[in-house]
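> Following this line is query-v1.txt, made up of compact mmCIF, C-alpha atoms:
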```txt
# COMPACT_ATOMS: atom_id res chain seq x y z
CA MET A 1 10.06 31.74 -14.73
CA LYS A 2 12.31 34.59 -13.68
CA ASN A 3 12.35 35.71 -10.05
CA LEU A 4 9.48 38.15 -9.47
CA ASN A 5 11.65 40.24 -7.17
CA GLN A 6 14.04 41.07 -9.99
CA GLN A 7 13.74 44.44 -11.67
CA ILE A 8 11.15 44.50 -14.44
CA LEU A 9 12.72 44.11 -17.85
CA LYS A 10 12.07 46.84 -20.40
CA PHE A 11 9.95 45.44 -23.23
CA ASP A 12 8.23 47.14 -26.16
CA TYR A 13 4.51 47.43 -25.53
CA GLU A 14 3.43 44.05 -26.78
CA GLN A 15 2.58 40.75 -25.16
CA ASN A 16 5.53 38.45 -24.65
CA PHE A 17 4.96 34.71 -24.97
CA LYS A 18 8.38 33.33 -24.13
CA ASP A 19 8.73 30.25 -21.93
CA GLN A 20 10.59 32.20 -19.23
CA ASP A 21 7.75 34.74 -19.09
CA PHE A 22 5.18 32.12 -18.08
CA TYR A 23 4.60 31.84 -14.34
CA VAL A 24 3.58 28.39 -13.16
CA SER A 25 1.21 28.36 -10.18
CA ASN A 26 -1.45 26.10 -8.68
CA SER A 27 -3.93 27.71 -11.07
CA ASN A 28 -2.23 26.57 -14.27
CA GLU A 29 0.24 23.87 -13.22
CA HIS A 30 -1.85 20.98 -14.56
CA SER A 31 -2.17 22.56 -18.00
CA PHE A 32 1.52 23.47 -18.09
CA THR A 33 2.53 19.95 -17.07
CA ILE A 34 0.30 18.11 -19.50
CA LEU A 35 1.44 20.15 -22.49
CA ASN A 36 5.06 19.64 -21.48
CA SER A 37 4.49 15.88 -21.25
CA TRP A 38 3.79 15.57 -24.98
CA PRO A 39 3.61 13.05 -26.60
CA LYS A 40 2.99 10.94 -23.48
CA TRP A 41 -0.71 11.75 -23.33
CA ASP A 42 -3.44 9.24 -22.46
CA LYS A 43 -5.36 10.49 -25.49
CA ASN A 44 -4.42 12.51 -28.58
CA PHE A 45 -7.01 15.20 -27.87
CA ILE A 46 -6.59 17.95 -25.28
CA ASN A 47 -9.12 20.64 -24.36
CA LEU A 48 -7.37 23.59 -22.71
CA ILE A 49 -10.01 25.58 -20.83
CA GLY A 50 -9.79 29.03 -19.32
CA GLU A 51 -11.28 32.50 -19.35
CA LYS A 52 -9.94 35.27 -21.55
CA PHE A 53 -6.36 36.32 -20.67
CA SER A 54 -5.85 33.20 -18.54
CA GLY A 55 -2.72 32.23 -20.48
CA LYS A 56 -4.10 29.70 -22.98
CA SER A 57 -2.44 31.35 -25.97
CA HIS A 58 0.80 31.77 -24.03
CA LEU A 59 0.89 28.04 -23.31
CA ILE A 60 0.05 27.21 -26.91
CA ASN A 61 2.87 29.39 -28.24
CA ILE A 62 5.34 27.77 -25.83
CA PHE A 63 4.14 24.33 -26.94
CA LEU A 64 4.43 25.09 -30.65
CA GLU A 65 7.86 26.65 -30.18
CA LYS A 66 9.06 23.37 -28.68
CA HIS A 67 7.18 20.79 -30.69
CA LYS A 68 6.16 22.53 -33.91
CA GLY A 69 2.74 22.39 -35.47
CA ILE A 70 0.01 24.62 -36.84
CA LYS A 71 -2.74 26.64 -35.17
CA ILE A 72 -5.90 28.27 -36.40
CA ASN A 73 -8.83 30.15 -34.91
CA SER A 74 -11.92 27.94 -34.86
CA ALA A 75 -13.83 30.43 -37.03
CA ASP A 76 -11.23 30.10 -39.80
CA ILE A 77 -11.32 26.33 -40.32
CA SER A 78 -11.91 25.53 -43.99
CA ASN A 79 -11.59 22.66 -46.44
CA ASP A 80 -8.20 24.02 -47.44
CA PHE A 81 -7.04 23.80 -43.84
CA LEU A 82 -8.08 20.15 -43.70
CA HIS A 83 -5.58 19.50 -46.49
CA ILE A 84 -2.84 21.64 -44.96
CA ILE A 85 -2.77 19.72 -41.67
CA LYS A 86 -1.56 16.59 -43.46
CA ILE A 87 2.06 17.69 -43.04
CA TYR A 88 1.75 18.57 -39.34
CA GLU A 89 1.78 16.34 -36.30
CA ASN A 90 0.33 18.88 -33.86
CA ILE A 91 -2.78 20.90 -34.65
CA VAL A 92 -4.19 23.65 -32.42
CA VAL A 93 -7.70 25.09 -32.72
CA GLU A 94 -8.09 28.26 -30.65
CA ASP A 95 -11.19 29.91 -29.21
CA LEU A 96 -13.70 27.19 -29.93
CA THR A 97 -17.32 28.40 -29.86
CA GLU A 98 -20.63 26.78 -30.68
CA SER A 99 -20.81 28.83 -33.88
CA ILE A 100 -18.08 26.69 -35.45
CA ASP A 101 -18.84 24.85 -38.70
CA GLU A 102 -19.67 21.50 -37.11
CA ASN A 103 -19.14 19.39 -40.22
CA LEU A 104 -15.67 20.81 -40.81
CA PHE A 105 -14.73 20.43 -37.16
CA PHE A 106 -15.99 16.86 -37.08
CA THR A 107 -13.99 16.06 -40.22
CA LEU A 108 -10.92 17.68 -38.67
CA ILE A 109 -11.21 15.52 -35.54
CA ASN A 110 -11.67 12.35 -37.61
CA THR A 111 -8.70 13.16 -39.83
CA ILE A 112 -6.45 13.77 -36.83
CA ASP A 113 -7.66 10.57 -35.20
CA GLN A 114 -7.14 8.46 -38.32
CA ASP A 115 -3.64 9.84 -38.90
CA ASN A 116 -2.70 9.47 -35.21
CA LYS A 117 -1.93 13.18 -34.89
CA TYR A 118 -2.43 15.42 -31.86
CA LEU A 119 -5.11 18.06 -31.35
CA ILE A 120 -5.29 20.85 -28.78
CA VAL A 121 -8.52 22.85 -28.60
CA THR A 122 -8.76 25.97 -26.45
CA SER A 123 -12.10 27.25 -25.18
CA ARG A 124 -13.63 29.23 -22.34
CA ILE A 125 -15.89 26.36 -21.26
CA PRO A 126 -15.25 22.60 -21.50
CA ILE A 127 -15.97 21.16 -24.93
CA VAL A 128 -18.21 18.52 -23.33
CA GLU A 129 -20.57 21.33 -22.30
CA PHE A 130 -21.08 22.48 -25.90
CA LYS A 131 -24.45 21.66 -27.39
CA PHE A 132 -23.53 20.65 -30.92
CA LYS A 133 -26.26 19.78 -33.37
CA LEU A 134 -24.24 16.82 -34.65
CA ASN A 135 -24.67 13.96 -32.20
CA ASP A 136 -21.47 12.38 -33.45
CA LEU A 137 -19.59 15.56 -32.61
CA ASN A 138 -21.04 15.56 -29.09
CA SER A 139 -19.84 11.98 -28.77
CA ARG A 140 -16.36 12.90 -30.02
CA SER A 141 -16.18 15.72 -27.47
CA SER A 142 -16.15 13.16 -24.67
CA ASN A 143 -12.81 11.84 -25.95
CA PHE A 144 -10.90 14.98 -24.98
CA ILE A 145 -8.64 15.24 -21.95
CA LEU A 146 -9.85 18.32 -20.07
CA SER A 147 -7.36 20.74 -18.55
CA GLN A 148 -8.81 23.75 -16.77
CA ILE A 149 -6.87 26.91 -15.90
CA GLU A 150 -8.36 27.97 -12.58
CA LYS A 151 -8.85 31.48 -11.20
CA PRO A 152 -5.54 33.05 -10.16
CA GLY A 153 -4.19 32.86 -6.62
CA ASP A 154 -2.21 35.71 -5.07
CA ASP A 155 1.11 34.52 -6.49
CA LEU A 156 -0.22 34.29 -10.03
CA MET A 157 -2.04 37.62 -9.72
CA TYR A 158 1.25 39.23 -8.69
CA ALA A 159 3.01 37.66 -11.69
CA LEU A 160 0.26 38.70 -14.10
CA ILE A 161 0.17 42.28 -12.86
CA LEU A 162 3.96 42.42 -13.05
CA LYS A 163 3.95 41.05 -16.59
CA ASN A 164 1.20 43.39 -17.79
CA LEU A 165 3.13 46.33 -16.36
CA SER A 166 6.35 45.01 -17.87
CA ASP A 167 4.75 44.75 -21.30
CA ARG A 168 4.00 48.47 -21.01
CA GLN A 169 7.47 49.31 -19.67
CA ILE A 170 5.99 50.39 -16.33
CA LEU A 171 7.74 49.94 -13.01
CA ILE A 172 5.83 50.49 -9.75
CA ASP A 173 6.55 49.76 -6.10
CA LYS A 174 5.75 46.27 -4.77
CA LYS A 175 3.44 47.71 -2.11
CA LEU A 176 1.24 49.14 -4.88
CA ILE A 177 0.95 45.70 -6.46
CA ASP A 178 0.06 44.20 -3.07
CA TYR A 179 -2.59 46.90 -2.67
CA ILE A 180 -4.09 46.06 -6.08
CA ILE A 181 -4.16 42.30 -5.40
CA LYS A 182 -6.20 42.76 -2.21
CA ARG A 183 -8.86 44.83 -3.97
CA ILE A 184 -9.19 43.80 -7.62
CA ASP A 185 -11.67 41.20 -8.91
CA ARG A 186 -9.93 37.83 -9.15
CA THR A 187 -10.35 37.31 -12.88
CA TYR A 188 -7.79 37.40 -15.67
CA GLY A 189 -9.80 39.84 -17.76
CA LYS A 190 -10.18 42.30 -14.88
CA ILE A 191 -6.43 42.28 -14.29
CA SER A 192 -5.73 43.17 -17.91
CA ASP A 193 -8.46 45.84 -17.99
CA PHE A 194 -7.23 47.35 -14.74
CA ILE A 195 -3.62 47.69 -15.92
CA TYR A 196 -4.88 49.29 -19.12
CA LYS A 197 -6.95 51.73 -17.03
CA ILE A 198 -4.17 52.89 -14.69
CA ASP A 199 -1.79 53.21 -17.63
CA GLU A 200 -4.37 55.32 -19.47
CA ILE A 201 -4.91 57.62 -16.47
CA SER A 202 -1.16 57.94 -15.93
CA LEU A 203 -0.51 58.87 -19.57
CA LYS A 204 -3.35 61.41 -19.70
CA ARG A 205 -2.15 63.16 -16.56
CA LYS A 206 1.52 62.69 -17.36
CA LYS A 207 2.09 61.40 -13.84
CA PRO A 208 3.58 58.13 -12.57
CA ILE A 209 1.18 55.53 -11.22
CA ASP A 210 0.55 56.06 -7.51
CA PHE A 211 -2.06 55.19 -4.86
CA LYS A 212 -4.35 57.98 -6.05
CA ILE A 213 -4.46 56.69 -9.64
CA ILE A 214 -4.92 53.11 -8.47
CA LYS A 215 -7.80 54.06 -6.14
CA GLU A 216 -9.48 56.01 -8.94
CA ALA A 217 -9.24 53.05 -11.30
CA LEU A 218 -10.59 50.67 -8.66
CA GLU A 219 -13.60 52.94 -8.05
CA ASP A 220 -14.34 53.33 -11.76
```
Take the structure in this file and express it as structure tokens.

Amino acid sequence: MKNLNQQILKFDYEQNFKDQDFYVSNSNEHSFTILNSWPKWDKNFINLIGEKFSGKSHLINIFLEKHKGIKINSADISNDFLHIIKIYENIVVEDLTESIDENLFFTLINTIDQDNKYLIVTSRIPIVEFKFKLNDLNSRSSNFILSQIEKPGDDLMYALILKNLSDRQILIDKKLIDYIIKRIDRTYGKISDFIYKIDEISLKRKKPIDFKIIKEALED
């Protein structure tokens, strides 16, 4: 990860998922380490857990860039996909919810197990806490290695705020970021929403982000 004290790079307004843009902290170090240790896993099934905007997709993109594979949203799993995975060693299922087609998901897990492939499932809560109707699927869920991305500490919050600003080509003083960190809710989603809000206010008023704009967004 690049030094946070360096000047923010100018990116187009889009999320960047490069390896060097991922900041490793106590909150996500376990998940980062276990994905980087592939294929030396204790089991072939990993459940990457974290709230929205916690960096799950970023980690997945880094993993697939290094090791190749295929990913799909859990809602899009189909019989065709079960045939497609035959040529891949690593399969990623993102945003698992209890509304998934349980039979297809169960078949997917069995196929991966039989072919000795690797499966990464991302979700907001641990897969073992899902209440599937298929008892066999509940049993299979216990075979996953769980890796939780915890709530961000100050260092990660600083990195996330910096990255969100960087994605929007915004540069603000460090003391403003410190001010935000001390007052914003410590959740990944709130960080993203807050940066969107101050950017929106700044654009509407055609003024750079300052303490006044930040205070207004915090009070909103």
> Kindly give the distance, in Å, that separates CA of Phe194 in chain A and CA of Glu150 in chain A, rounded to a single decimal.
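Between CA of Phe194 in chain A and CA of Glu150 in chain A the gap works out to 19.5 Å.
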> Name the residues in contact with Asp42 in chain A at a cut-off of 12 Å, using all atoms listed in the file, excluding same-chain residues fewer than 5 positions from it; report them as a list in words.
Ile34, Leu35, Ser37, Tyr118, Asn143, Phe144, Ile145 and Leu146 of chain A
> Grab the CA of Tyr158 in chain A to CA of Asp178 in chain A distance for me, in Å with one decimal place.
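Computed distance, CA of Tyr158 in chain A to CA of Asp178 in chain A, equals 7.6 Å.
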> Using only C-alpha atoms, which of the listed residues (A:Lys190, A:Arg183, A:Lys163, A:His67) sits closest to Ile214 in chain A?
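For Ile214 in chain A, the nearest of the candidates is A:Arg183.
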> Quote the spacing between CA of Val121 in chain A and CA of Asp101 in chain A in Å to one decimal place.
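Atom-to-atom, CA of Val121 in chain A and CA of Asp101 in chain A are spaced 14.6 Å apart.
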> For Tyr179 in chain A, list every protein, DNA or RNA residue within 12 Å, evaluated using all atoms listed in the file, and leave out those in the same chain fewer than 3 positions away; present the list as an mmCIF file with C-alpha atoms, in the frame of the given file.

```cif
data_model
loop_
_atom_site.group_PDB
_atom_site.id
_atom_site.type_symbol
_atom_site.label_atom_id
_atom_site.label_comp_id
_atom_site.auth_asym_id
_atom_site.auth_seq_id
_atom_site.Cartn_x
_atom_site.Cartn_y
_atom_site.Cartn_z
ATOM 1 C CA ASP A 154 -2.210 35.710 -5.070
ATOM 2 C CA MET A 157 -2.040 37.620 -9.720
ATOM 3 C CA TYR A 158 1.250 39.230 -8.690
ATOM 4 C CA ILE A 161 0.170 42.280 -12.860
ATOM 5 C CA ILE A 172 5.830 50.490 -9.750
ATOM 6 C CA ASP A 173 6.550 49.760 -6.100
ATOM 7 C CA LYS A 174 5.750 46.270 -4.770
ATOM 8 C CA LYS A 175 3.440 47.710 -2.110
ATOM 9 C CA LEU A 176 1.240 49.140 -4.880
ATOM 10 C CA LYS A 182 -6.200 42.760 -2.210
ATOM 11 C CA ARG A 183 -8.860 44.830 -3.970
ATOM 12 C CA ILE A 184 -9.190 43.800 -7.620
ATOM 13 C CA ASP A 210 0.550 56.060 -7.510
ATOM 14 C CA PHE A 211 -2.060 55.190 -4.860
ATOM 15 C CA LYS A 212 -4.350 57.980 -6.050
ATOM 16 C CA ILE A 214 -4.920 53.110 -8.470
ATOM 17 C CA LYS A 215 -7.800 54.060 -6.140
ATOM 18 C CA LEU A 218 -10.590 50.670 -8.660
#
```
> Taking all atoms listed in the file into account, which of A:Ser99, A:Thr122, A:Asn73, A:Thr111 comes nearest Ile149 in chain A?
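Using all atoms listed in the file, Ile149 in chain A sits closest to A:Thr122.
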